[in-house]
>>> print(open('protein_12.cif').read())   # mmCIF, C-alpha atoms and all ligand atoms
data_my_file
#
loop_
_atom_site.group_PDB
_atom_site.id
_atom_site.type_symbol
_atom_site.label_atom_id
_atom_site.label_comp_id
_atom_site.auth_asym_id
_atom_site.auth_seq_id
_atom_site.Cartn_x
_atom_site.Cartn_y
_atom_site.Cartn_z
ATOM 1 C CA MET R 1 152.038 -105.593 -36.057
ATOM 2 C CA ILE R 2 152.235 -101.865 -35.418
ATOM 3 C CA GLN R 3 148.731 -101.239 -36.879
ATOM 4 C CA ASN R 4 147.200 -103.228 -34.053
ATOM 5 C CA GLN R 5 149.113 -101.416 -31.318
ATOM 6 C CA PRO R 6 147.019 -99.086 -29.115
ATOM 7 C CA ILE R 7 146.494 -95.344 -29.272
ATOM 8 C CA GLY R 8 148.048 -93.862 -26.130
ATOM 9 C CA VAL R 9 146.061 -91.114 -24.390
ATOM 10 C CA PHE R 10 146.913 -89.208 -21.231
ATOM 11 C CA ASP R 11 145.551 -86.498 -18.963
ATOM 12 C CA SER R 12 146.050 -85.262 -15.422
ATOM 13 C CA GLY R 13 143.106 -87.424 -14.422
ATOM 14 C CA VAL R 14 139.820 -88.582 -15.848
ATOM 15 C CA GLY R 15 138.914 -85.485 -17.949
ATOM 16 C CA GLY R 16 140.796 -86.826 -20.966
ATOM 17 C CA LEU R 17 138.329 -89.709 -21.034
ATOM 18 C CA THR R 18 135.933 -87.337 -22.859
ATOM 19 C CA VAL R 19 138.407 -87.336 -25.761
ATOM 20 C CA ALA R 20 139.086 -91.080 -25.427
ATOM 21 C CA HIS R 21 135.313 -91.556 -25.654
ATOM 22 C CA ALA R 22 135.136 -89.567 -28.919
ATOM 23 C CA ILE R 23 137.975 -91.697 -30.348
ATOM 24 C CA ARG R 24 136.269 -94.911 -29.253
ATOM 25 C CA ASN R 25 133.068 -93.800 -31.015
ATOM 26 C CA LEU R 26 134.749 -92.753 -34.252
ATOM 27 C CA LEU R 27 137.336 -95.549 -34.343
ATOM 28 C CA PRO R 28 135.711 -98.539 -32.612
ATOM 29 C CA GLN R 29 138.342 -100.940 -33.973
ATOM 30 C CA GLU R 30 141.239 -99.063 -32.312
ATOM 31 C CA SER R 31 142.553 -100.168 -28.920
ATOM 32 C CA LEU R 32 143.188 -97.448 -26.354
ATOM 33 C CA ILE R 33 145.692 -97.258 -23.573
ATOM 34 C CA TYR R 34 144.822 -94.446 -21.197
ATOM 35 C CA PHE R 35 146.896 -92.967 -18.382
ATOM 36 C CA GLY R 36 145.373 -90.551 -15.859
ATOM 37 C CA ASP R 37 147.962 -88.954 -13.612
ATOM 38 C CA THR R 38 145.619 -88.768 -10.636
ATOM 39 C CA ALA R 39 148.582 -88.638 -8.224
ATOM 40 C CA HIS R 40 149.416 -85.157 -9.578
ATOM 41 C CA LEU R 41 145.926 -83.835 -10.270
ATOM 42 C CA PRO R 42 145.198 -80.982 -10.954
ATOM 43 C CA TYR R 43 147.718 -79.948 -13.603
ATOM 44 C CA GLY R 44 146.067 -76.534 -13.967
ATOM 45 C CA ASP R 45 147.891 -75.134 -10.928
ATOM 46 C CA LYS R 46 151.300 -76.750 -11.492
ATOM 47 C CA SER R 47 154.451 -75.113 -12.875
ATOM 48 C CA PRO R 48 155.382 -75.622 -16.559
ATOM 49 C CA GLU R 49 158.507 -77.530 -15.399
ATOM 50 C CA SER R 50 156.414 -80.024 -13.418
ATOM 51 C CA ILE R 51 153.955 -80.514 -16.286
ATOM 52 C CA ARG R 52 156.830 -81.224 -18.700
ATOM 53 C CA HIS R 53 158.418 -83.667 -16.267
ATOM 54 C CA TYR R 54 155.127 -85.547 -15.708
ATOM 55 C CA SER R 55 154.257 -85.575 -19.420
ATOM 56 C CA GLU R 56 157.630 -86.978 -20.476
ATOM 57 C CA LYS R 57 157.429 -89.813 -17.966
ATOM 58 C CA ILE R 58 153.879 -90.705 -19.027
ATOM 59 C CA ALA R 59 154.821 -90.601 -22.723
ATOM 60 C CA GLY R 60 157.631 -93.055 -21.895
ATOM 61 C CA PHE R 61 155.147 -95.342 -20.151
ATOM 62 C CA LEU R 62 152.785 -95.271 -23.147
ATOM 63 C CA LEU R 63 155.672 -96.002 -25.542
ATOM 64 C CA ASP R 64 156.718 -98.962 -23.379
ATOM 65 C CA LYS R 65 153.147 -100.221 -23.709
ATOM 66 C CA GLY R 66 153.518 -100.036 -27.491
ATOM 67 C CA ALA R 67 151.489 -96.890 -28.273
ATOM 68 C CA LYS R 68 151.561 -96.137 -32.021
ATOM 69 C CA VAL R 69 150.217 -92.611 -31.416
ATOM 70 C CA ILE R 70 150.336 -90.464 -28.273
ATOM 71 C CA LEU R 71 147.553 -87.991 -27.586
ATOM 72 C CA ILE R 72 147.973 -85.375 -24.875
ATOM 73 C CA ALA R 73 144.274 -85.221 -23.899
ATOM 74 C CA CYS R 74 144.822 -82.346 -21.492
ATOM 75 C CA ASN R 75 144.817 -78.701 -22.537
ATOM 76 C CA THR R 76 147.207 -77.704 -19.762
ATOM 77 C CA ALA R 77 149.826 -80.270 -20.823
ATOM 78 C CA SER R 78 149.111 -79.533 -24.514
ATOM 79 C CA ALA R 79 149.833 -75.845 -23.861
ATOM 80 C CA LEU R 80 152.917 -76.352 -21.710
ATOM 81 C CA ALA R 81 154.512 -79.650 -22.710
ATOM 82 C CA TYR R 82 153.624 -80.511 -26.339
ATOM 83 C CA GLU R 83 156.979 -79.549 -27.912
ATOM 84 C CA HIS R 84 158.818 -81.167 -25.020
ATOM 85 C CA VAL R 85 156.930 -84.468 -25.461
ATOM 86 C CA GLN R 86 157.437 -84.344 -29.240
ATOM 87 C CA GLU R 87 161.176 -83.961 -28.752
ATOM 88 C CA PHE R 88 161.276 -86.802 -26.211
ATOM 89 C CA VAL R 89 159.206 -89.179 -28.360
ATOM 90 C CA GLY R 90 161.063 -88.338 -31.593
ATOM 91 C CA ASN R 91 160.175 -90.711 -34.421
ATOM 92 C CA ARG R 92 158.907 -93.447 -32.082
ATOM 93 C CA ALA R 93 155.280 -92.229 -32.394
ATOM 94 C CA LYS R 94 153.295 -89.279 -33.690
ATOM 95 C CA VAL R 95 152.270 -86.939 -30.861
ATOM 96 C CA PHE R 96 148.966 -85.041 -30.904
ATOM 97 C CA ASN R 97 147.731 -82.292 -28.625
ATOM 98 C CA VAL R 98 144.147 -81.068 -28.145
ATOM 99 C CA ILE R 99 144.771 -77.394 -29.027
ATOM 100 C CA ASP R 100 146.113 -77.359 -32.611
ATOM 101 C CA PRO R 101 143.256 -79.417 -34.144
ATOM 102 C CA VAL R 102 140.677 -77.063 -32.567
ATOM 103 C CA VAL R 103 142.511 -73.947 -33.776
ATOM 104 C CA GLU R 104 142.735 -75.448 -37.297
ATOM 105 C CA SER R 105 139.026 -76.313 -37.268
ATOM 106 C CA LEU R 106 138.101 -72.629 -36.839
ATOM 107 C CA ALA R 107 138.992 -72.066 -40.497
ATOM 108 C CA GLY R 108 135.746 -73.589 -41.664
ATOM 109 C CA LEU R 109 133.409 -71.690 -39.349
ATOM 110 C CA PRO R 110 131.021 -69.020 -40.634
ATOM 111 C CA ASN R 111 130.311 -65.823 -38.624
ATOM 112 C CA LEU R 112 133.307 -66.126 -36.342
ATOM 113 C CA HIS R 113 134.330 -62.704 -35.058
ATOM 114 C CA LYS R 114 134.560 -62.786 -31.285
ATOM 115 C CA LEU R 115 135.897 -65.948 -29.695
ATOM 116 C CA GLY R 116 136.053 -66.819 -26.003
ATOM 117 C CA ILE R 117 138.348 -69.430 -24.452
ATOM 118 C CA ILE R 118 137.940 -70.929 -21.000
ATOM 119 C CA GLY R 119 140.360 -73.297 -19.301
ATOM 120 C CA THR R 120 142.604 -73.902 -16.317
ATOM 121 C CA LYS R 121 144.953 -71.203 -15.031
ATOM 122 C CA GLY R 122 147.879 -73.051 -16.641
ATOM 123 C CA THR R 123 146.232 -73.118 -20.069
ATOM 124 C CA ILE R 124 145.039 -69.516 -19.973
ATOM 125 C CA LEU R 125 148.281 -68.067 -18.538
ATOM 126 C CA SER R 126 150.290 -69.915 -21.218
ATOM 127 C CA ASN R 127 148.500 -67.771 -23.849
ATOM 128 C CA SER R 128 148.759 -70.782 -26.145
ATOM 129 C CA TYR R 129 145.312 -70.454 -27.775
ATOM 130 C CA PRO R 130 145.495 -66.681 -28.518
ATOM 131 C CA GLN R 131 149.027 -67.049 -29.898
ATOM 132 C CA LYS R 132 148.144 -69.944 -32.188
ATOM 133 C CA ILE R 133 144.943 -68.227 -33.329
ATOM 134 C CA SER R 134 146.668 -64.917 -34.117
ATOM 135 C CA MET R 135 149.279 -66.801 -36.174
ATOM 136 C CA GLN R 136 146.587 -68.319 -38.393
ATOM 137 C CA TYR R 137 143.792 -65.710 -38.443
ATOM 138 C CA ASP R 138 143.930 -61.942 -38.421
ATOM 139 C CA ASP R 139 140.272 -61.063 -37.980
ATOM 140 C CA ILE R 140 139.226 -62.904 -34.809
ATOM 141 C CA GLU R 141 138.991 -61.105 -31.464
ATOM 142 C CA VAL R 142 140.036 -63.532 -28.710
ATOM 143 C CA ILE R 143 139.037 -63.204 -25.036
ATOM 144 C CA SER R 144 140.432 -65.711 -22.510
ATOM 145 C CA LEU R 145 139.201 -66.505 -19.031
ATOM 146 C CA ALA R 146 140.549 -68.949 -16.441
ATOM 147 C CA THR R 147 137.712 -70.952 -14.863
ATOM 148 C CA PRO R 148 139.610 -73.065 -12.310
ATOM 149 C CA LEU R 149 136.576 -74.092 -10.268
ATOM 150 C CA PHE R 150 134.942 -75.946 -13.156
ATOM 151 C CA ALA R 151 137.168 -79.063 -13.115
ATOM 152 C CA PRO R 152 136.857 -79.801 -9.359
ATOM 153 C CA MET R 153 133.160 -78.903 -9.489
ATOM 154 C CA ILE R 154 132.578 -81.479 -12.246
ATOM 155 C CA GLU R 155 134.679 -84.102 -10.486
ATOM 156 C CA GLU R 156 132.598 -83.626 -7.355
ATOM 157 C CA GLY R 157 129.478 -84.287 -9.405
ATOM 158 C CA PHE R 158 127.989 -80.770 -9.394
ATOM 159 C CA ILE R 159 126.323 -80.861 -12.808
ATOM 160 C CA PHE R 160 122.954 -79.392 -13.810
ATOM 161 C CA ASP R 161 122.196 -78.237 -10.266
ATOM 162 C CA ASP R 162 122.074 -74.959 -8.334
ATOM 163 C CA ILE R 163 125.753 -74.976 -7.442
ATOM 164 C CA SER R 164 127.002 -75.562 -10.981
ATOM 165 C CA ASN R 165 124.497 -73.054 -12.360
ATOM 166 C CA ALA R 166 125.776 -70.433 -9.897
ATOM 167 C CA VAL R 167 129.447 -71.113 -10.726
ATOM 168 C CA ILE R 168 128.747 -71.057 -14.478
ATOM 169 C CA ARG R 169 126.798 -67.797 -14.140
ATOM 170 C CA SER R 170 129.503 -66.205 -12.022
ATOM 171 C CA TYR R 171 132.324 -67.011 -14.480
ATOM 172 C CA LEU R 172 130.518 -66.632 -17.785
ATOM 173 C CA SER R 173 128.857 -63.320 -16.951
ATOM 174 C CA TYR R 174 132.332 -61.927 -17.643
ATOM 175 C CA PRO R 175 131.643 -58.525 -19.251
ATOM 176 C CA ALA R 176 134.300 -59.043 -21.956
ATOM 177 C CA PHE R 177 132.266 -62.048 -23.226
ATOM 178 C CA GLU R 178 129.478 -59.655 -24.270
ATOM 179 C CA SER R 179 128.582 -60.250 -27.964
ATOM 180 C CA MET R 180 130.851 -63.312 -28.182
ATOM 181 C CA ASP R 181 129.718 -65.682 -30.977
ATOM 182 C CA THR R 182 131.891 -68.747 -30.221
ATOM 183 C CA LEU R 183 133.370 -70.292 -27.067
ATOM 184 C CA ILE R 184 136.127 -72.918 -26.932
ATOM 185 C CA LEU R 185 136.023 -75.313 -23.982
ATOM 186 C CA GLY R 186 139.780 -75.350 -23.384
ATOM 187 C CA CYS R 187 139.727 -78.130 -20.803
ATOM 188 C CA THR R 188 138.846 -81.759 -21.395
ATOM 189 C CA HIS R 189 136.631 -81.831 -18.297
ATOM 190 C CA TYR R 190 134.251 -79.211 -19.643
ATOM 191 C CA PRO R 191 132.271 -81.253 -22.231
ATOM 192 C CA ILE R 192 130.408 -82.648 -19.206
ATOM 193 C CA ILE R 193 128.836 -79.190 -18.674
ATOM 194 C CA LYS R 194 128.667 -78.228 -22.356
ATOM 195 C CA ASN R 195 124.864 -78.269 -22.533
ATOM 196 C CA GLN R 196 124.592 -76.215 -19.363
ATOM 197 C CA ILE R 197 126.982 -73.636 -20.823
ATOM 198 C CA ARG R 198 125.037 -73.536 -24.090
ATOM 199 C CA LYS R 199 121.852 -73.038 -22.103
ATOM 200 C CA PHE R 200 123.447 -70.210 -20.087
ATOM 201 C CA PHE R 201 124.020 -68.372 -23.390
ATOM 202 C CA ASN R 202 120.453 -69.193 -24.536
ATOM 203 C CA PHE R 203 121.951 -71.409 -27.261
ATOM 204 C CA LYS R 204 123.146 -68.253 -29.057
ATOM 205 C CA VAL R 205 126.867 -68.974 -28.646
ATOM 206 C CA ARG R 206 128.569 -71.782 -30.581
ATOM 207 C CA VAL R 207 130.351 -73.959 -28.016
ATOM 208 C CA ILE R 208 133.290 -76.067 -29.228
ATOM 209 C CA ASP R 209 135.068 -78.919 -27.473
ATOM 210 C CA SER R 210 138.019 -80.897 -28.745
ATOM 211 C CA GLY R 211 136.724 -84.518 -28.607
ATOM 212 C CA GLN R 212 135.363 -85.134 -32.095
ATOM 213 C CA ILE R 213 137.744 -82.718 -33.796
ATOM 214 C CA VAL R 214 140.783 -84.488 -32.344
ATOM 215 C CA ALA R 215 139.312 -87.933 -33.042
ATOM 216 C CA HIS R 216 138.925 -87.009 -36.732
ATOM 217 C CA GLN R 217 142.487 -85.743 -36.927
ATOM 218 C CA ILE R 218 143.790 -89.002 -35.462
ATOM 219 C CA LYS R 219 141.647 -90.974 -37.890
ATOM 220 C CA ASP R 220 143.107 -89.028 -40.842
ATOM 221 C CA HIS R 221 146.629 -89.650 -39.576
ATOM 222 C CA LEU R 222 146.066 -93.404 -39.142
ATOM 223 C CA LEU R 223 144.633 -93.711 -42.647
ATOM 224 C CA GLU R 224 147.329 -91.577 -44.286
ATOM 225 C CA SER R 225 150.174 -93.369 -42.552
ATOM 226 C CA GLY R 226 148.772 -96.879 -43.001
ATOM 227 C CA LEU R 227 148.507 -97.301 -39.229
ATOM 228 C CA ALA R 228 144.768 -98.026 -38.945
ATOM 229 C CA SER R 229 144.042 -101.177 -36.978
ATOM 230 C CA THR R 230 143.344 -104.371 -38.869
ATOM 231 C CA ALA R 231 142.337 -106.274 -35.730
ATOM 232 C CA GLY R 232 138.662 -107.117 -35.514
ATOM 233 C CA LYS R 233 138.382 -106.292 -31.844
ATOM 234 C CA ALA R 234 139.584 -103.381 -29.716
ATOM 235 C CA GLU R 235 140.958 -103.865 -26.214
ATOM 236 C CA HIS R 236 141.150 -100.860 -23.900
ATOM 237 C CA GLN R 237 143.257 -100.409 -20.795
ATOM 238 C CA PHE R 238 142.938 -97.587 -18.283
ATOM 239 C CA PHE R 239 145.698 -96.766 -15.812
ATOM 240 C CA VAL R 240 145.861 -94.199 -13.013
ATOM 241 C CA SER R 241 148.821 -93.203 -10.841
ATOM 242 C CA ASP R 242 146.627 -93.039 -7.739
ATOM 243 C CA TYR R 243 143.505 -95.134 -7.321
ATOM 244 C CA THR R 244 140.358 -94.268 -5.373
ATOM 245 C CA GLU R 245 136.850 -95.653 -5.818
ATOM 246 C CA MET R 246 135.760 -92.077 -6.513
ATOM 247 C CA PHE R 247 137.988 -91.912 -9.634
ATOM 248 C CA GLU R 248 136.521 -95.179 -10.880
ATOM 249 C CA LYS R 249 132.994 -93.942 -10.236
ATOM 250 C CA ILE R 250 133.407 -90.617 -12.028
ATOM 251 C CA SER R 251 135.375 -92.146 -14.910
ATOM 252 C CA GLU R 252 132.099 -93.708 -16.033
ATOM 253 C CA MET R 253 130.586 -90.232 -16.429
ATOM 254 C CA PHE R 254 133.491 -89.136 -18.673
ATOM 255 C CA PHE R 255 133.763 -92.306 -20.801
ATOM 256 C CA GLU R 256 130.005 -92.980 -20.796
ATOM 257 C CA GLU R 257 130.673 -96.618 -20.027
ATOM 258 C CA LYS R 258 131.739 -98.563 -16.967
ATOM 259 C CA ILE R 259 135.500 -99.014 -16.967
ATOM 260 C CA THR R 260 138.033 -100.615 -14.666
ATOM 261 C CA LEU R 261 140.942 -98.453 -13.587
ATOM 262 C CA GLN R 262 144.282 -100.158 -12.904
ATOM 263 C CA LEU R 263 146.680 -98.604 -10.444
ATOM 264 C CA ASN R 264 150.137 -98.086 -11.893
ATOM 265 C CA ASN R 265 152.208 -95.607 -9.975
ATOM 266 C CA ILE R 266 154.966 -94.922 -12.479
ATOM 267 C CA TRP R 267 156.510 -92.404 -10.045
ATOM 268 C CA LYS R 268 157.722 -95.027 -7.583
HETATM 269 N N1 LIG X 1 141.703 -81.892 -18.042
HETATM 270 C C1 LIG X 1 142.724 -80.886 -17.806
HETATM 271 C C2 LIG X 1 142.827 -79.949 -19.008
HETATM 272 O O1 LIG X 1 142.296 -80.228 -20.055
HETATM 273 C C3 LIG X 1 142.480 -79.984 -16.638
HETATM 274 C C4 LIG X 1 142.381 -80.559 -15.284
HETATM 275 C C5 LIG X 1 143.544 -80.235 -14.403
HETATM 276 O O2 LIG X 1 143.741 -79.065 -13.984
HETATM 277 O O3 LIG X 1 144.283 -81.157 -14.129
HETATM 278 O O4 LIG X 1 143.449 -78.925 -18.958
#
>>> encode(input="protein_12.cif", output="structure tokens", more="lines below")
Ligand code: DGL
Amino acid sequence: MIQNQPIGVFDSGVGGLTVAHAIRNLLPQESLIYFGDTAHLPYGDKSPESIRHYSEKIAGFLLDKGAKVILIACNTASALAYEHVQEFVGNRAKVFNVIDPVVESLAGLPNLHKLGIIGTKGTILSNSYPQKISMQYDDIEVISLATPLFAPMIEEGFIFDDISNAVIRSYLSYPAFESMDTLILGCTHYPIIKNQIRKFFNFKVRVIDSGQIVAHQIKDHLLESGLASTAGKAEHQFFVSDYTEMFEKISEMFFEEKITLQLNNIWK
């Protein structure tokens, strides 16, 4: 029964688990099948061609596993490979990215005038956020900044300490961010340092991440299309293309629960 098939989620590594976690919380009856492409991590520095190639292969893997929905839980792949994955998947499953739901959610926000976006080099250089925002809103000033050290810093466990505080201060003291009222965390790793970022701005800047927003959009889709699970119990599976104990250890921080990673090198 298609309703009881899993929601497929993928990222370059374990960052997308922050979004998987939000889905698990909002839709506890839905099974998840997660693929972290740890063999090709980080995506932020790769060419658009490579990201499209990786994303297509992973989407194929998730379809083979019966995914009823595919979520690209990586901003870099969302920016560079969304249309490509949509074309590849066709009518076999609905494909979601993590950028469009966030851009749409801005419509309801009061006092939004100056908006910052931080993300990987790939996401920021793609100009995806500013383009999508300017197509839907004409009165928001958008300032983008690549913050490539954040993802490896988080993965190495530098959180709420002197090193992470120094890196956050160095990036976010960006003069163009002066008088910014809202900041989008355009990388699925960044929710881990969300509170630290809010604190850096003395809690005066609204900080948005994609987790809950995307989870709600998937919920709406499942209800509207009659695809919500009817099974009483969810079963999750987590795959990585390269396994190390370190990935398993840090995945717990992103999913807020101990999980077992299974090695599945789909590139062989
Ligand atoms: N989690 C990925 C994203 O949202 C970034 C990490 C990477 O560079 O692979 O863009």
>>> resolve_selection(input="protein_12.cif", expression="the PyMOL selection byres (((chain R and resi 38-54) around 10) and not hetatm)", output="PyMOL selection string")
chain R and resi 11-14+35-37+55-59+74-85+119-126+146+148+151-152+187+239-244+247+263+265-267
>>> resolve_selection(input="protein_12.cif", expression="the PyMOL selection byres (((chain R and resi 92) around 10) and not hetatm)", output="list in words")
Leu63, Gly66, Ala67, Lys68, Val69, Ile70, Gln86, Phe88, Val89, Gly90, Asn91, Ala93, Lys94 and Val95 of chain R
>>> closest_residue(input="protein_12.cif", among="R:Thr18, R:Ser173, R:Met135, R:Asn25", to="Lys194 (chain R)", atoms="only C-alpha atoms")
R:Thr18
>>> residues_around(input="protein_12.cif", residues="region 20-23 of chain R", least_positions_apart="4", cutoff="9 Å", atoms="all atoms listed in the file", output="PyMOL selection string")
chain R and resi 9+16+27-28+30+32+34+73+211-216+218-219+254-257
>>> residues_around(input="protein_12.cif", residues="region 104-112 of chain R", least_positions_apart="5", cutoff="7 Å", atoms="all atoms listed in the file", output="list in words")
Ile140, Asp181 and Thr182 of chain R
>>> axis_aligned_box(input="protein_12.cif", around="ligand LIG 1 (chain X)", padding_each_side="4 Å", output="AutoDock Vina command-line options")
--center_x 143.0 --center_y -80.4 --center_z -17.0 --size_x 10.6 --size_y 11.0 --size_z 14.1
>>> closest_residue(input="protein_12.cif", among="R:Val98, R:Ile133, R:Ile184, R:Ile33", to="ligand LIG 1 (chain X)", atoms="all atoms listed in the file")
R:Val98
>>> atom_distance(input="protein_12.cif", atom1="CA of Lys114 (chain R)", atom2="CA of Asn97 (chain R)")
23.7 Å
>>> closest_residue(input="protein_12.cif", among="R:Tyr129, R:Phe150, R:Tyr171, R:Tyr190", to="Ile208 (chain R)", atoms="all atoms listed in the file")
R:Tyr190
>>> closest_residue(input="protein_12.cif", among="R:Thr188, R:Gln5, R:Ser225, R:Ser134", to="ligand LIG 1 (chain X)", atoms="only C-alpha atoms and all ligand atoms")
R:Thr188
>>> atom_distance(input="protein_12.cif", atom1="CA of Asn165 (chain R)", atom2="CA of Lys204 (chain R)")
17.4 Å
>>> atom_distance(input="protein_12.cif", atom1="CA of Gln131 (chain R)", atom2="CA of Pro191 (chain R)")
23.3 Å
